[in-house]
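Chemist: Would you mind keeping the following structure in view while I ask a few things?
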Amino acid sequence: MSEPKIVVSKASDYKQVYASGASIGHTPFDFHIQFFRDSFEPDEEVLTGRKAPTLVREFIIEIVMSPNQAKALALLLMKHVEDYEKKFGKIPTPQTPPSQPPSGYV
């Protein structure tokens, strides 16, 4: 039996966004990946060093997928990270900031 033909198209509401991070949780039935963008709100006290800046974390979108598709995504992402590192060099492992909320639903 031959493989099915795959037709690729973009939805009319397709958009590309930049995310500075993600938070992931799961239930027994699906995985939830929430992408966020971090920014700082500077004010005069921050600029003069009298106070620490306020981190603003805006959640942009949540992707929900089955455990099977989450694993397929993880494998695909790792393959691309390995390919990237072969071409451009090792990506440093980021430190998780203490302000990161705990992830996971279960």
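By order in the structure tokens, chains are A, B, ...; within a chain, residues start at 1; ligands start at 1, following the order shown.
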Write out as an MDAnalysis selection string all residues of chain A that DSSP puts in alpha helix (DSSP H) for this structure's backbone.
Modeler: chainID A and resid 44:47 67:88
Chemist: Would you pick out the contacts of Leu55 in chain A at 10 Å or less, using only C-alpha atoms, so that residues sharing its chain but fewer than 3 positions from it are not included, and give the list as a PyMOL selection string?
Modeler: chain A and resi 38-42+52+58+99
Chemist: Please produce a file of those selected residues containing C-alpha atoms, as a compact mmCIF listing (two decimals), in the first residue's frame.
Modeler:
# COMPACT_ATOMS: atom_id res chain seq x y z
CA ASP A 38 8.93 37.89 29.40
CA SER A 39 9.59 41.62 29.58
CA PHE A 40 10.59 44.09 32.27
CA GLU A 41 8.72 47.19 33.37
CA PRO A 42 11.37 49.81 34.06
CA ALA A 52 14.64 45.63 41.25
CA GLU A 58 2.59 37.17 29.34
CA SER A 99 10.60 33.22 39.42
Chemist: What's the 10 Å shell around Val17 in chain A, counting only C-alpha atoms, without same-chain residues fewer than 5 positions away, as a list in words?
Modeler: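 So the residues in contact are Phe35, Phe36, Arg37, Ile60 and Ile61 of chain A.
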Chemist: Generate a file of the selected residues that holds N, CA and C atoms, formatted as a PDB file, in the first residue's frame.
Modeler:
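Contents of part-v3.pdb, as written:
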ATOM      1  N   PHE A  35       3.200  28.761  26.027  1.00  0.00           N
ATOM      2  CA  PHE A  35       4.333  29.591  25.639  1.00  0.00           C
ATOM      3  C   PHE A  35       4.127  30.998  26.189  1.00  0.00           C
ATOM      4  N   PHE A  36       5.224  31.585  26.684  1.00  0.00           N
ATOM      5  CA  PHE A  36       5.128  32.926  27.253  1.00  0.00           C
ATOM      6  C   PHE A  36       6.243  33.821  26.737  1.00  0.00           C
ATOM      7  N   ARG A  37       6.038  35.118  26.961  1.00  0.00           N
ATOM      8  CA  ARG A  37       7.024  36.138  26.601  1.00  0.00           C
ATOM      9  C   ARG A  37       7.282  36.966  27.858  1.00  0.00           C
ATOM     10  N   ILE A  60       1.129  33.547  25.873  1.00  0.00           N
ATOM     11  CA  ILE A  60       0.702  33.892  24.521  1.00  0.00           C
ATOM     12  C   ILE A  60      -0.263  32.866  23.949  1.00  0.00           C
ATOM     13  N   ILE A  61       0.071  31.591  24.133  1.00  0.00           N
ATOM     14  CA  ILE A  61      -0.730  30.525  23.531  1.00  0.00           C
ATOM     15  C   ILE A  61      -0.500  29.225  24.296  1.00  0.00           C
TER      16      ILE A  61
END
Chemist: Just checking: using only C-alpha atoms, which residue out of A:Thr48, A:Phe31, A:Lys90, A:Val56 ends up closest to Leu73 in chain A?
Modeler: A:Phe31
Chemist: Given only C-alpha atoms as the basis, pick out the residue of A:Phe59, A:His32, A:Phe88, A:Asn68 nearest to Ala19 in chain A.
Modeler: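 For Ala19 in chain A, the nearest of the given residues is A:Phe59.
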Chemist: Show which residues sit within 9 Å of Ile91 in chain A, as a PDB file with C-alpha atoms, in the first residue's frame. Count only C-alpha atoms, and ignore same-chain residues fewer than 6 positions away.
Modeler:
ATOM      1  CA  VAL A  81      18.792  20.729  18.492  1.00  0.00           C
ATOM      2  CA  TYR A  84      21.849  22.887  15.135  1.00  0.00           C
ATOM      3  CA  GLU A  85      24.696  22.128  17.568  1.00  0.00           C
TER       4      GLU A  85
END
Chemist: Quote the spacing between CA of Ser9 in chain A and CA of Ser23 in chain A in Å to one decimal place.
Modeler: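 CA of Ser23 in chain A lies 27.9 Å from CA of Ser9 in chain A.
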Chemist: As a ChimeraX atom specification, please: all residues of chain A that backbone DSSP puts in strand (DSSP E or B).
Modeler: /A:21-26,31-41,54-65
